[in-house]
>>> print(open('model.cif').read())   # mmCIF, C-alpha atoms
data_upload
loop_
_atom_site.group_PDB
_atom_site.id
_atom_site.type_symbol
_atom_site.label_atom_id
_atom_site.label_comp_id
_atom_site.auth_asym_id
_atom_site.auth_seq_id
_atom_site.Cartn_x
_atom_site.Cartn_y
_atom_site.Cartn_z
ATOM 1 C CA MET A 1207 -29.554 -0.406 66.995
ATOM 2 C CA LYS A 1208 -30.328 -0.715 63.321
ATOM 3 C CA LYS A 1209 -30.853 -4.006 61.643
ATOM 4 C CA PHE A 1210 -29.033 -4.206 58.353
ATOM 5 C CA LYS A 1211 -30.825 -5.605 55.354
ATOM 6 C CA GLU A 1212 -29.150 -8.020 53.001
ATOM 7 C CA ARG A 1213 -28.161 -5.895 50.005
ATOM 8 C CA GLU A 1214 -27.606 -6.946 46.459
ATOM 9 C CA LYS A 1215 -23.925 -6.883 45.676
ATOM 10 C CA SER A 1216 -22.992 -4.440 42.969
ATOM 11 C CA GLY A 1217 -20.103 -4.769 40.582
ATOM 12 C CA LEU A 1218 -18.182 -7.930 39.845
ATOM 13 C CA THR A 1219 -18.438 -10.653 42.409
ATOM 14 C CA VAL A 1220 -16.873 -14.094 42.430
ATOM 15 C CA GLU A 1221 -17.803 -16.952 44.704
ATOM 16 C CA VAL A 1222 -14.915 -18.841 46.307
ATOM 17 C CA ARG A 1223 -15.655 -22.555 46.402
ATOM 18 C CA ASN A 1224 -13.803 -25.052 48.603
ATOM 19 C CA ASN A 1225 -11.240 -22.388 49.607
ATOM 20 C CA ASP A 1226 -9.926 -22.342 46.011
ATOM 21 C CA ILE A 1227 -8.713 -18.747 45.894
ATOM 22 C CA ASN A 1228 -6.582 -19.290 42.786
ATOM 23 C CA GLY A 1229 -9.587 -20.488 40.797
ATOM 24 C CA ALA A 1230 -11.703 -17.580 42.007
ATOM 25 C CA LEU A 1231 -8.936 -15.131 41.112
ATOM 26 C CA ARG A 1232 -8.702 -16.634 37.626
ATOM 27 C CA VAL A 1233 -12.474 -16.253 37.156
ATOM 28 C CA LEU A 1234 -12.335 -12.661 38.447
ATOM 29 C CA LYS A 1235 -9.540 -11.739 36.025
ATOM 30 C CA LYS A 1236 -11.470 -13.276 33.138
ATOM 31 C CA ARG A 1237 -14.602 -11.298 34.029
ATOM 32 C CA MET A 1238 -12.606 -8.081 34.365
ATOM 33 C CA GLN A 1239 -11.051 -8.721 30.950
ATOM 34 C CA THR A 1240 -14.434 -9.221 29.293
ATOM 35 C CA GLU A 1241 -15.865 -6.111 30.983
ATOM 36 C CA GLY A 1242 -12.935 -4.016 29.762
ATOM 37 C CA ILE A 1243 -11.827 -2.851 33.188
ATOM 38 C CA PHE A 1244 -8.134 -3.406 32.448
ATOM 39 C CA ASN A 1245 -8.325 -1.289 29.291
ATOM 40 C CA GLU A 1246 -10.148 1.486 31.129
ATOM 41 C CA VAL A 1247 -7.542 1.568 33.899
ATOM 42 C CA ARG A 1248 -4.758 1.662 31.314
ATOM 43 C CA GLU A 1249 -6.459 4.567 29.513
ATOM 44 C CA ARG A 1250 -6.947 6.561 32.708
ATOM 45 C CA THR A 1251 -3.358 6.330 33.953
ATOM 46 C CA HIS A 1252 -2.137 9.190 31.753
ATOM 47 C CA PHE A 1253 -3.920 12.124 30.173
ATOM 48 C CA ARG A 1254 -4.315 11.889 26.416
ATOM 49 C CA THR A 1255 -5.058 14.903 24.287
ATOM 50 C CA LYS A 1256 -7.880 14.911 21.772
ATOM 51 C CA GLY A 1257 -5.424 14.742 18.881
ATOM 52 C CA GLU A 1258 -3.586 11.811 20.419
ATOM 53 C CA LYS A 1259 -6.841 9.883 20.915
ATOM 54 C CA LYS A 1260 -7.790 10.575 17.298
ATOM 55 C CA ARG A 1261 -4.390 9.456 16.021
ATOM 56 C CA LEU A 1262 -4.466 6.246 18.071
ATOM 57 C CA ALA A 1263 -8.017 5.445 16.963
ATOM 58 C CA LYS A 1264 -7.028 5.946 13.321
ATOM 59 C CA ALA A 1265 -4.012 3.667 13.747
ATOM 60 C CA ALA A 1266 -6.146 1.000 15.429
ATOM 61 C CA GLY A 1267 -8.655 1.146 12.585
ATOM 62 C CA ARG A 1268 -5.861 0.771 10.053
ATOM 63 C CA ARG A 1269 -4.517 -2.272 11.914
ATOM 64 C CA ARG A 1270 -8.002 -3.844 11.957
ATOM 65 C CA TRP A 1271 -8.415 -3.169 8.228
ATOM 66 C CA LEU A 1272 -5.009 -4.619 7.326
ATOM 67 C CA LYS A 1273 -5.727 -7.685 9.448
ATOM 68 C CA LYS A 1274 -9.040 -8.185 7.647
ATOM 69 C CA VAL A 1275 -7.434 -7.764 4.216
ATOM 70 C CA GLU A 1276 -4.674 -10.216 5.150
ATOM 71 C CA LYS A 1277 -7.244 -12.767 6.286
ATOM 72 C CA LEU A 1278 -9.241 -12.424 3.072
ATOM 73 C CA THR A 1279 -6.160 -12.731 0.865
ATOM 74 C CA THR A 1280 -5.006 -15.901 2.616
ATOM 75 C CA GLU A 1281 -8.461 -17.447 2.149
ATOM 76 C CA GLY A 1282 -8.393 -16.515 -1.532
ATOM 77 C CA LYS A 1283 -11.539 -14.384 -1.410
ATOM 78 C CA LEU A 1284 -9.715 -11.186 -2.290
ATOM 79 C CA ILE A 1285 -7.562 -10.957 -5.383
#
>>> encode(input="model.cif", output="structure tokens")
Amino acid sequence: MKKFKEREKSGLTVEVRNNDINGALRVLKKRMQTEGIFNEVRERTHFRTKGEKKRLAKAAGRRRWLKKVEKLTTEGKLI
């Protein structure tokens, strides 16, 4: 019989303390959000053509730009 070595755990791991599963689940969701796993899963659910990706990226950039301009105008830095 083989003896199994203790392996390093790969991926996201969360330690459950005092049988608090809800707290561990909350921590896991937060880590998945920061790693971008939810966004990746959402992107992989349906096939997107090259043109569609380009169009969505352009729209996202425009939204970021408009948000930045709005922020600067409310602070009075941009006339």
>>> resolve_selection(input="model.cif", expression="the PyMOL selection byres ((chain A and resi 1234-1249) around 12)", output="list in words")
Gly1217, Leu1218, Thr1219, Val1220, Glu1221, Val1222, Ile1227, Asn1228, Gly1229, Ala1230, Leu1231, Arg1232, Val1233, Arg1250, Thr1251, His1252, Phe1253, Arg1254, Thr1255, Glu1258, Lys1259 and Leu1262 of chain A
>>> atom_distance(input="model.cif", atom1="atom CA of A:Lys1256", atom2="atom CA of A:Arg1270")
21.2 Å
>>> atom_distance(input="model.cif", atom1="atom CA of A:Gly1267", atom2="atom CA of A:Gly1282")
22.6 Å
